[in-house]
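Text of the file my_file.cif, holding mmCIF, N, CA and C atoms and all ligand atoms:
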```cif
data_structure
#
loop_
_atom_site.label_atom_id
_atom_site.label_comp_id
_atom_site.auth_asym_id
_atom_site.auth_seq_id
_atom_site.Cartn_x
_atom_site.Cartn_y
_atom_site.Cartn_z
N ALA C 1 9.83 -14.34 18.61
CA ALA C 1 10.38 -15.70 18.69
C ALA C 1 10.54 -16.30 17.30
N THR C 2 11.43 -17.28 17.19
CA THR C 2 11.60 -17.99 15.92
C THR C 2 10.38 -18.87 15.71
N ASN C 3 9.82 -18.78 14.52
CA ASN C 3 8.73 -19.69 14.21
C ASN C 3 8.75 -20.03 12.73
N ARG C 4 7.72 -20.75 12.30
CA ARG C 4 7.71 -21.26 10.93
C ARG C 4 6.52 -20.76 10.16
N THR C 5 6.71 -20.66 8.85
CA THR C 5 5.59 -20.39 7.98
C THR C 5 5.62 -21.39 6.83
N PHE C 6 4.53 -21.43 6.09
CA PHE C 6 4.44 -22.35 4.95
C PHE C 6 4.22 -21.52 3.69
N THR C 7 4.89 -21.90 2.61
CA THR C 7 4.71 -21.20 1.34
C THR C 7 4.53 -22.17 0.19
N MET C 8 3.88 -21.70 -0.85
CA MET C 8 3.88 -22.40 -2.14
C MET C 8 4.24 -21.38 -3.20
N LEU C 9 5.17 -21.74 -4.08
CA LEU C 9 5.39 -20.98 -5.30
C LEU C 9 4.38 -21.55 -6.28
N LYS C 10 3.47 -20.71 -6.72
CA LYS C 10 2.28 -21.17 -7.45
C LYS C 10 2.61 -21.43 -8.93
N PRO C 11 1.67 -22.11 -9.64
CA PRO C 11 1.95 -22.50 -11.03
C PRO C 11 2.42 -21.36 -11.94
N ASP C 12 1.90 -20.15 -11.76
CA ASP C 12 2.34 -19.05 -12.65
C ASP C 12 3.80 -18.72 -12.43
N ALA C 13 4.26 -18.76 -11.17
CA ALA C 13 5.66 -18.45 -10.86
C ALA C 13 6.60 -19.48 -11.49
N ILE C 14 6.20 -20.74 -11.42
CA ILE C 14 7.03 -21.81 -12.01
C ILE C 14 7.05 -21.66 -13.53
N GLU C 15 5.83 -21.52 -14.10
CA GLU C 15 5.67 -21.40 -15.55
C GLU C 15 6.47 -20.23 -16.11
N ASN C 16 6.50 -19.12 -15.38
CA ASN C 16 7.17 -17.91 -15.86
C ASN C 16 8.67 -17.91 -15.58
N GLY C 17 9.16 -18.98 -14.96
CA GLY C 17 10.61 -19.10 -14.74
C GLY C 17 11.15 -18.31 -13.57
N TYR C 18 10.28 -17.99 -12.59
CA TYR C 18 10.70 -17.15 -11.46
C TYR C 18 11.06 -17.93 -10.20
N ALA C 19 11.03 -19.25 -10.25
CA ALA C 19 11.23 -20.02 -9.02
C ALA C 19 12.57 -19.68 -8.36
N GLY C 20 13.64 -19.68 -9.13
CA GLY C 20 14.97 -19.40 -8.56
C GLY C 20 15.06 -18.01 -7.96
N LYS C 21 14.54 -17.03 -8.68
CA LYS C 21 14.59 -15.64 -8.20
C LYS C 21 13.80 -15.49 -6.90
N ILE C 22 12.64 -16.15 -6.83
CA ILE C 22 11.80 -16.04 -5.64
C ILE C 22 12.48 -16.73 -4.45
N ILE C 23 13.03 -17.91 -4.67
CA ILE C 23 13.72 -18.62 -3.58
C ILE C 23 14.92 -17.79 -3.11
N ASP C 24 15.61 -17.15 -4.03
CA ASP C 24 16.73 -16.29 -3.67
C ASP C 24 16.27 -15.12 -2.79
N MET C 25 15.14 -14.52 -3.12
CA MET C 25 14.60 -13.43 -2.29
C MET C 25 14.25 -13.93 -0.89
N ILE C 26 13.68 -15.13 -0.83
CA ILE C 26 13.26 -15.70 0.46
C ILE C 26 14.49 -15.95 1.35
N ILE C 27 15.53 -16.57 0.78
CA ILE C 27 16.75 -16.84 1.55
C ILE C 27 17.45 -15.53 1.90
N GLY C 28 17.47 -14.60 0.94
CA GLY C 28 18.10 -13.29 1.17
C GLY C 28 17.44 -12.50 2.29
N ALA C 29 16.15 -12.76 2.51
CA ALA C 29 15.42 -12.07 3.57
C ALA C 29 15.61 -12.75 4.93
N GLY C 30 16.40 -13.82 4.96
CA GLY C 30 16.74 -14.43 6.25
C GLY C 30 15.97 -15.67 6.62
N PHE C 31 15.16 -16.17 5.69
CA PHE C 31 14.40 -17.39 6.00
C PHE C 31 15.27 -18.62 5.75
N LYS C 32 15.17 -19.58 6.65
CA LYS C 32 15.86 -20.87 6.49
C LYS C 32 14.86 -21.89 5.95
N ILE C 33 15.28 -22.66 4.95
CA ILE C 33 14.41 -23.69 4.38
C ILE C 33 14.46 -24.93 5.26
N LYS C 34 13.31 -25.31 5.82
CA LYS C 34 13.21 -26.50 6.68
C LYS C 34 12.72 -27.70 5.89
N ALA C 35 11.99 -27.43 4.80
CA ALA C 35 11.46 -28.49 3.94
C ALA C 35 11.17 -27.88 2.59
N LEU C 36 11.32 -28.69 1.52
CA LEU C 36 11.11 -28.17 0.16
C LEU C 36 10.67 -29.30 -0.75
N LYS C 37 9.68 -29.04 -1.59
CA LYS C 37 9.15 -30.10 -2.46
C LYS C 37 8.61 -29.52 -3.77
N TYR C 38 9.00 -30.13 -4.89
CA TYR C 38 8.43 -29.80 -6.21
C TYR C 38 7.36 -30.82 -6.47
N THR C 39 6.12 -30.36 -6.62
CA THR C 39 5.01 -31.29 -6.69
C THR C 39 3.85 -30.66 -7.46
N ARG C 40 2.79 -31.44 -7.65
CA ARG C 40 1.60 -30.89 -8.28
C ARG C 40 0.40 -31.30 -7.45
N LEU C 41 -0.46 -30.34 -7.13
CA LEU C 41 -1.63 -30.64 -6.30
C LEU C 41 -2.67 -31.38 -7.13
N THR C 42 -3.28 -32.38 -6.52
CA THR C 42 -4.45 -33.01 -7.14
C THR C 42 -5.64 -32.09 -6.87
N GLU C 43 -6.73 -32.31 -7.60
CA GLU C 43 -7.93 -31.50 -7.39
C GLU C 43 -8.41 -31.65 -5.94
N GLU C 44 -8.34 -32.86 -5.44
CA GLU C 44 -8.78 -33.14 -4.07
C GLU C 44 -7.93 -32.36 -3.05
N GLN C 45 -6.61 -32.37 -3.27
CA GLN C 45 -5.72 -31.64 -2.35
C GLN C 45 -5.98 -30.13 -2.40
N ALA C 46 -6.14 -29.58 -3.61
CA ALA C 46 -6.36 -28.14 -3.76
C ALA C 46 -7.67 -27.72 -3.11
N LYS C 47 -8.71 -28.53 -3.31
CA LYS C 47 -10.02 -28.23 -2.70
C LYS C 47 -9.91 -28.21 -1.18
N LYS C 48 -9.18 -29.17 -0.65
CA LYS C 48 -9.03 -29.26 0.80
C LYS C 48 -8.18 -28.10 1.33
N PHE C 49 -7.07 -27.82 0.64
CA PHE C 49 -6.17 -26.75 1.09
C PHE C 49 -6.92 -25.42 1.16
N TYR C 50 -7.78 -25.15 0.18
CA TYR C 50 -8.48 -23.86 0.09
C TYR C 50 -9.93 -23.93 0.59
N GLU C 51 -10.22 -24.96 1.39
CA GLU C 51 -11.56 -25.17 1.94
C GLU C 51 -12.19 -23.89 2.53
N VAL C 52 -11.38 -23.08 3.21
CA VAL C 52 -11.92 -21.86 3.84
C VAL C 52 -12.50 -20.89 2.80
N HIS C 53 -12.10 -21.05 1.54
CA HIS C 53 -12.61 -20.17 0.48
C HIS C 53 -13.73 -20.81 -0.33
N ALA C 54 -14.24 -21.97 0.15
CA ALA C 54 -15.20 -22.75 -0.63
C ALA C 54 -16.43 -21.97 -1.07
N GLU C 55 -16.86 -21.00 -0.26
CA GLU C 55 -18.06 -20.24 -0.60
C GLU C 55 -17.77 -19.01 -1.45
N ARG C 56 -16.48 -18.74 -1.68
CA ARG C 56 -16.13 -17.53 -2.46
C ARG C 56 -16.37 -17.78 -3.94
N PRO C 57 -16.71 -16.71 -4.67
CA PRO C 57 -16.99 -16.87 -6.11
C PRO C 57 -15.78 -17.36 -6.91
N PHE C 58 -14.57 -17.13 -6.39
CA PHE C 58 -13.37 -17.50 -7.15
C PHE C 58 -12.84 -18.89 -6.79
N TYR C 59 -13.55 -19.63 -5.95
CA TYR C 59 -13.05 -20.93 -5.47
C TYR C 59 -12.75 -21.92 -6.61
N GLY C 60 -13.70 -22.05 -7.54
CA GLY C 60 -13.52 -22.99 -8.65
C GLY C 60 -12.30 -22.63 -9.49
N GLU C 61 -12.19 -21.35 -9.79
CA GLU C 61 -11.07 -20.82 -10.57
C GLU C 61 -9.74 -21.03 -9.83
N LEU C 62 -9.79 -20.84 -8.52
CA LEU C 62 -8.59 -20.99 -7.68
C LEU C 62 -8.10 -22.44 -7.70
N VAL C 63 -9.03 -23.37 -7.55
CA VAL C 63 -8.68 -24.80 -7.55
C VAL C 63 -8.14 -25.21 -8.93
N GLU C 64 -8.78 -24.73 -9.97
CA GLU C 64 -8.34 -25.04 -11.34
C GLU C 64 -6.93 -24.52 -11.59
N TYR C 65 -6.70 -23.30 -11.18
CA TYR C 65 -5.38 -22.67 -11.36
C TYR C 65 -4.30 -23.39 -10.55
N MET C 66 -4.60 -23.70 -9.29
CA MET C 66 -3.58 -24.31 -8.42
C MET C 66 -3.24 -25.75 -8.82
N THR C 67 -4.10 -26.36 -9.65
CA THR C 67 -3.81 -27.71 -10.13
C THR C 67 -3.33 -27.70 -11.58
N SER C 68 -3.16 -26.50 -12.15
CA SER C 68 -2.84 -26.38 -13.58
C SER C 68 -1.40 -26.73 -13.93
N GLY C 69 -0.55 -26.81 -12.92
CA GLY C 69 0.86 -27.12 -13.16
C GLY C 69 1.56 -27.34 -11.84
N PRO C 70 2.86 -27.69 -11.89
CA PRO C 70 3.57 -27.94 -10.65
C PRO C 70 3.75 -26.70 -9.78
N ILE C 71 3.95 -26.94 -8.51
CA ILE C 71 4.22 -25.90 -7.52
C ILE C 71 5.49 -26.28 -6.75
N ILE C 72 6.02 -25.33 -5.99
CA ILE C 72 7.07 -25.66 -5.03
C ILE C 72 6.52 -25.32 -3.65
N ALA C 73 6.46 -26.32 -2.78
CA ALA C 73 5.97 -26.13 -1.41
C ALA C 73 7.17 -26.09 -0.48
N ALA C 74 7.11 -25.25 0.55
CA ALA C 74 8.23 -25.16 1.49
C ALA C 74 7.79 -24.74 2.88
N ILE C 75 8.53 -25.22 3.87
CA ILE C 75 8.39 -24.73 5.24
C ILE C 75 9.61 -23.85 5.51
N LEU C 76 9.37 -22.65 6.02
CA LEU C 76 10.43 -21.67 6.26
C LEU C 76 10.49 -21.30 7.73
N GLU C 77 11.69 -21.01 8.20
CA GLU C 77 11.85 -20.64 9.61
C GLU C 77 12.62 -19.33 9.73
N LYS C 78 12.18 -18.51 10.68
CA LYS C 78 12.81 -17.19 10.92
C LYS C 78 12.16 -16.60 12.17
N GLU C 79 12.82 -15.61 12.75
CA GLU C 79 12.15 -14.80 13.76
C GLU C 79 10.88 -14.23 13.12
N ASN C 80 9.76 -14.31 13.78
CA ASN C 80 8.56 -13.64 13.30
C ASN C 80 8.19 -14.06 11.86
N ALA C 81 8.31 -15.36 11.58
CA ALA C 81 8.23 -15.86 10.20
C ALA C 81 6.92 -15.52 9.49
N VAL C 82 5.79 -15.74 10.14
CA VAL C 82 4.50 -15.56 9.46
C VAL C 82 4.33 -14.11 9.01
N ALA C 83 4.52 -13.17 9.94
CA ALA C 83 4.32 -11.76 9.61
C ALA C 83 5.38 -11.25 8.64
N ASP C 84 6.64 -11.62 8.88
CA ASP C 84 7.71 -11.14 7.99
C ASP C 84 7.58 -11.71 6.58
N PHE C 85 7.08 -12.93 6.48
CA PHE C 85 6.91 -13.50 5.13
C PHE C 85 5.79 -12.79 4.40
N ARG C 86 4.73 -12.45 5.11
CA ARG C 86 3.62 -11.73 4.46
C ARG C 86 4.07 -10.34 4.00
N THR C 87 4.96 -9.73 4.78
CA THR C 87 5.54 -8.45 4.34
C THR C 87 6.38 -8.65 3.08
N LEU C 88 7.18 -9.72 3.07
CA LEU C 88 8.05 -9.99 1.91
C LEU C 88 7.24 -10.27 0.64
N ILE C 89 6.11 -10.97 0.76
CA ILE C 89 5.36 -11.31 -0.46
C ILE C 89 4.49 -10.14 -0.92
N GLY C 90 4.02 -9.29 -0.03
CA GLY C 90 3.20 -8.14 -0.43
C GLY C 90 1.72 -8.48 -0.54
N ALA C 91 0.92 -7.50 -0.89
CA ALA C 91 -0.54 -7.64 -0.94
C ALA C 91 -0.96 -8.71 -1.95
N THR C 92 -2.14 -9.32 -1.68
CA THR C 92 -2.70 -10.37 -2.56
C THR C 92 -2.73 -9.91 -4.02
N ASP C 93 -3.18 -8.67 -4.23
CA ASP C 93 -3.25 -8.11 -5.58
C ASP C 93 -1.92 -7.40 -5.88
N PRO C 94 -1.17 -7.88 -6.90
CA PRO C 94 0.13 -7.26 -7.19
C PRO C 94 0.04 -5.77 -7.50
N ALA C 95 -1.13 -5.32 -7.97
CA ALA C 95 -1.31 -3.89 -8.25
C ALA C 95 -1.24 -3.08 -6.96
N GLU C 96 -1.53 -3.73 -5.83
CA GLU C 96 -1.50 -3.04 -4.53
C GLU C 96 -0.26 -3.40 -3.72
N ALA C 97 0.58 -4.29 -4.24
CA ALA C 97 1.76 -4.75 -3.48
C ALA C 97 2.85 -3.70 -3.48
N ALA C 98 3.55 -3.59 -2.34
CA ALA C 98 4.62 -2.60 -2.19
C ALA C 98 5.81 -2.93 -3.09
N GLU C 99 6.56 -1.90 -3.44
CA GLU C 99 7.80 -2.05 -4.21
C GLU C 99 8.73 -3.02 -3.49
N GLY C 100 9.40 -3.86 -4.26
CA GLY C 100 10.39 -4.75 -3.68
C GLY C 100 9.81 -6.03 -3.12
N THR C 101 8.48 -6.19 -3.17
CA THR C 101 7.88 -7.43 -2.68
C THR C 101 7.85 -8.47 -3.81
N ILE C 102 7.71 -9.74 -3.42
CA ILE C 102 7.70 -10.82 -4.40
C ILE C 102 6.54 -10.67 -5.38
N ARG C 103 5.36 -10.36 -4.85
CA ARG C 103 4.20 -10.23 -5.75
C ARG C 103 4.33 -9.02 -6.66
N LYS C 104 4.89 -7.92 -6.15
CA LYS C 104 5.10 -6.74 -7.00
C LYS C 104 6.00 -7.12 -8.18
N ASN C 105 7.05 -7.88 -7.88
CA ASN C 105 8.03 -8.24 -8.92
C ASN C 105 7.53 -9.32 -9.86
N TYR C 106 6.82 -10.31 -9.33
CA TYR C 106 6.62 -11.55 -10.09
C TYR C 106 5.18 -12.02 -10.27
N ALA C 107 4.20 -11.40 -9.60
CA ALA C 107 2.82 -11.89 -9.74
C ALA C 107 2.15 -11.30 -10.97
N GLU C 108 1.23 -12.08 -11.54
CA GLU C 108 0.51 -11.63 -12.74
C GLU C 108 -0.77 -10.88 -12.39
N SER C 109 -1.49 -11.36 -11.39
CA SER C 109 -2.80 -10.81 -11.05
C SER C 109 -3.20 -11.26 -9.66
N LYS C 110 -4.36 -10.80 -9.19
CA LYS C 110 -4.86 -11.16 -7.87
C LYS C 110 -5.04 -12.67 -7.74
N GLY C 111 -5.46 -13.32 -8.79
CA GLY C 111 -5.64 -14.77 -8.78
C GLY C 111 -4.31 -15.48 -8.96
N ARG C 112 -3.59 -15.12 -10.02
CA ARG C 112 -2.29 -15.73 -10.34
C ARG C 112 -1.21 -14.89 -9.68
N ASN C 113 -1.10 -15.07 -8.35
CA ASN C 113 -0.27 -14.12 -7.59
C ASN C 113 1.05 -14.72 -7.06
N ALA C 114 1.58 -15.69 -7.80
CA ALA C 114 2.97 -16.17 -7.65
C ALA C 114 3.30 -16.97 -6.39
N VAL C 115 2.72 -16.57 -5.26
CA VAL C 115 3.19 -17.18 -4.01
C VAL C 115 2.11 -17.15 -2.92
N HIS C 116 2.13 -18.18 -2.09
CA HIS C 116 1.24 -18.26 -0.93
C HIS C 116 2.05 -18.08 0.34
N GLY C 117 1.47 -17.45 1.33
CA GLY C 117 2.08 -17.39 2.66
C GLY C 117 1.02 -17.60 3.72
N SER C 118 1.29 -18.44 4.72
CA SER C 118 0.32 -18.70 5.79
C SER C 118 -0.05 -17.41 6.49
N ASP C 119 -1.31 -17.35 6.98
CA ASP C 119 -1.76 -16.11 7.64
C ASP C 119 -1.72 -16.16 9.16
N SER C 120 -1.31 -17.31 9.74
CA SER C 120 -1.19 -17.40 11.20
C SER C 120 -0.26 -18.56 11.55
N ASP C 121 0.24 -18.56 12.78
CA ASP C 121 1.09 -19.68 13.24
C ASP C 121 0.31 -20.99 13.15
N GLU C 122 -0.95 -20.93 13.53
CA GLU C 122 -1.79 -22.13 13.53
C GLU C 122 -1.94 -22.68 12.12
N ASN C 123 -2.23 -21.81 11.16
CA ASN C 123 -2.37 -22.27 9.77
C ASN C 123 -1.04 -22.72 9.18
N ALA C 124 0.05 -22.08 9.59
CA ALA C 124 1.37 -22.50 9.11
C ALA C 124 1.63 -23.95 9.48
N GLU C 125 1.26 -24.30 10.69
CA GLU C 125 1.43 -25.67 11.20
C GLU C 125 0.56 -26.66 10.42
N ILE C 126 -0.71 -26.28 10.25
CA ILE C 126 -1.66 -27.14 9.52
C ILE C 126 -1.20 -27.32 8.06
N GLU C 127 -0.84 -26.22 7.42
CA GLU C 127 -0.47 -26.26 6.00
C GLU C 127 0.85 -27.01 5.79
N GLY C 128 1.80 -26.83 6.71
CA GLY C 128 3.07 -27.55 6.63
C GLY C 128 2.85 -29.04 6.71
N LYS C 129 1.99 -29.45 7.66
CA LYS C 129 1.70 -30.88 7.85
C LYS C 129 0.91 -31.47 6.69
N PHE C 130 0.18 -30.60 6.00
CA PHE C 130 -0.60 -31.03 4.84
C PHE C 130 0.34 -31.54 3.75
N HIS C 131 1.52 -30.94 3.64
CA HIS C 131 2.45 -31.25 2.55
C HIS C 131 3.67 -32.08 2.94
N PHE C 132 4.03 -32.08 4.22
CA PHE C 132 5.28 -32.72 4.62
C PHE C 132 5.10 -33.64 5.81
N THR C 133 5.79 -34.78 5.77
CA THR C 133 5.85 -35.65 6.93
C THR C 133 7.02 -35.16 7.82
N ALA C 134 7.07 -35.63 9.05
CA ALA C 134 8.13 -35.21 9.99
C ALA C 134 9.52 -35.52 9.42
N ALA C 135 9.63 -36.64 8.69
CA ALA C 135 10.94 -37.06 8.14
C ALA C 135 11.41 -36.16 7.00
N GLU C 136 10.52 -35.34 6.46
CA GLU C 136 10.88 -34.45 5.35
C GLU C 136 11.24 -33.05 5.83
N ILE C 137 11.19 -32.81 7.14
CA ILE C 137 11.48 -31.50 7.70
C ILE C 137 12.84 -31.55 8.39
N PHE C 138 13.74 -30.62 8.01
CA PHE C 138 15.12 -30.65 8.51
C PHE C 138 15.45 -29.41 9.33
P1 LIG C 201 -3.68 -16.67 -1.13
O1 LIG C 201 -3.85 -15.49 -0.25
O2 LIG C 201 -2.42 -17.40 -1.15
O3 LIG C 201 -4.88 -17.69 -0.84
C1 LIG C 201 -6.18 -17.41 -1.33
C2 LIG C 201 -6.08 -17.16 -2.80
O4 LIG C 201 -7.27 -16.90 -3.47
C3 LIG C 201 -5.24 -15.91 -3.05
O5 LIG C 201 -3.91 -16.17 -2.67
C4 LIG C 201 -5.49 -15.71 -4.52
O6 LIG C 201 -4.68 -16.54 -5.32
C5 LIG C 201 -6.93 -16.16 -4.63
N1 LIG C 201 -7.79 -15.01 -4.71
C6 LIG C 201 -8.05 -14.12 -3.75
N2 LIG C 201 -8.91 -13.19 -4.19
C7 LIG C 201 -9.19 -13.50 -5.46
C8 LIG C 201 -10.03 -12.94 -6.45
N3 LIG C 201 -10.75 -11.84 -6.21
N4 LIG C 201 -10.08 -13.53 -7.64
C9 LIG C 201 -9.37 -14.65 -7.89
N5 LIG C 201 -8.56 -15.24 -6.98
C10 LIG C 201 -8.48 -14.67 -5.79
#
```

Would you write the structure of this file as structure tokens?
Ligand code: CMP
Amino acid sequence: ATNRTFTMLKPDAIENGYAGKIIDMIIGAGFKIKALKYTRLTEEQAKKFYEVHAERPFYGELVEYMTSGPIIAAILEKENAVADFRTLIGATDPAEAAEGTIRKNYAESKGRNAVHGSDSDENAEIEGKFHFTAAEIF
């Protein structure tokens, strides 16, 4: 069925000038942009967004990195959006990501990995609502 996923182009992707190339790959793979925003997370927002990782050793580093510069947040729609987007972005660690994936092409490291993709329909909904009001979704 057609469903939605949520993504963020992370600070490293923006800083390295890959935003256009990544968005082109996303559209080329058949995703429709339902919402899009260039923004910067506050520390409070980043902590809340990554709450599930609060006990992980990399949590502090993750929050610091995600607030280090602007991001692009988006809601995407496609058949099988969550799973297909995770295939398109590739493994968390770019060293393990498949050829032709966004992270293989554009990520720097496991931490600075260029792009986020929701891991379930439920989280896609929560994460989308975290960044967008109903009036910002088309
Ligand atoms: P993502 O899967 O979008 O959400 C959780 C993030 O935590 C992940 O991307 C990475 O950016 C980060 N992350 C996961 N594992 C590590 C790690 N071992 N060291 C640093 N950051 C990590």

If you count all atoms listed in the file, which residues fall within 5 Å of range 32-42 of chain C, apart from same-chain ones fewer than 6 positions away, as a PyMOL selection string? chain C and resi 67+70-77+136-138

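Interatomic distance, CA of Asn105 in chain C against CA of Ile22 in chain C: 9.3 Å.
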
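If only C-alpha atoms and all ligand atoms are the atoms counted, then among C:Glu96, C:Glu61, C:Glu127, C:Glu43 the closest residue to ligand LIG 201 (chain C) is C:Glu61.
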
Spatial neighbours of Thr87 in chain C, max dist 8 Å, only N, CA and C atoms, sep filter under 3 positions, as a VMD selection string: chain C and resid 81 to 84 90 to 91 98 100 to 102

Ligand LIG 201 (chain C): which residues are within 8 Å, counting all atoms listed in the file, as number ranges by chain? C: 8, 50, 53, 57-59, 61-63, 91-93, 109-119

Show me, as a ChimeraX atom specification, the residues that have an atom within 7 Å of Gly128 in chain C when counting all atoms listed in the file, minus same-chain residues fewer than 3 positions from it. /C:5-6,74-75,123-125,131-133

Write a file of the selected residues as a CSV table (one decimal), in the coordinates of the input, keeping N, CA and C atoms.
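Resulting contents of selection15.csv:
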```csv
chain,number,residue,atom,x,y,z
C,5,THR,N,6.7,-20.7,8.8
C,5,THR,CA,5.6,-20.4,8.0
C,5,THR,C,5.6,-21.4,6.8
C,6,PHE,N,4.5,-21.4,6.1
C,6,PHE,CA,4.4,-22.4,5.0
C,6,PHE,C,4.2,-21.5,3.7
C,74,ALA,N,7.1,-25.2,0.6
C,74,ALA,CA,8.2,-25.2,1.5
C,74,ALA,C,7.8,-24.7,2.9
C,75,ILE,N,8.5,-25.2,3.9
C,75,ILE,CA,8.4,-24.7,5.2
C,75,ILE,C,9.6,-23.8,5.5
C,123,ASN,N,-2.2,-21.8,11.2
C,123,ASN,CA,-2.4,-22.3,9.8
C,123,ASN,C,-1.0,-22.7,9.2
C,124,ALA,N,0.0,-22.1,9.6
C,124,ALA,CA,1.4,-22.5,9.1
C,124,ALA,C,1.6,-24.0,9.5
C,125,GLU,N,1.3,-24.3,10.7
C,125,GLU,CA,1.4,-25.7,11.2
C,125,GLU,C,0.6,-26.7,10.4
C,131,HIS,N,1.5,-30.9,3.6
C,131,HIS,CA,2.4,-31.2,2.6
C,131,HIS,C,3.7,-32.1,2.9
C,132,PHE,N,4.0,-32.1,4.2
C,132,PHE,CA,5.3,-32.7,4.6
C,132,PHE,C,5.1,-33.6,5.8
C,133,THR,N,5.8,-34.8,5.8
C,133,THR,CA,5.8,-35.6,6.9
C,133,THR,C,7.0,-35.2,7.8
```

The centre and edge lengths of an axis-aligned box containing all atoms of range 9-16 of chain C present in the file, extended by 8 Å on each side, are to be given in Å to one decimal, as JSON.
```
{"center_x": 5.2, "center_y": -20.2, "center_z": -10.1, "size_x": 23.0, "size_y": 20.6, "size_z": 28.0}
```

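Note that atom C of Ala1 in chain C and atom C of Ala13 in chain C are 29.2 Å apart.
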
Backbone DSSP call of helix (DSSP H, G or I) for chain C, listed as a PyMOL selection string: chain C and resi 11-15+19-28+43-49+51-53+59-66+81-89+94-96+102-106+121-131+134-136

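Across the structure, CA of Phe130 in chain C and CA of Phe49 in chain C are spaced 8.0 Å apart.
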
Among the residues C:Tyr106, C:Val52, C:Ala135, C:Gly60, the one that comes closest to Ile23 in chain C [using only C-alpha atoms]: C:Tyr106

Going by DSSP on the backbone, which residues of chain C come out as strand (DSSP E)? List them as a ChimeraX atom specification. /C:2-9,32-39,71-79,115-117

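Of the listed residues C:Lys129, C:Lys10, C:Ala29, C:Gly20, the one whose atoms come nearest to Lys78 in chain C is C:Ala29, with distances taken using all atoms listed in the file.
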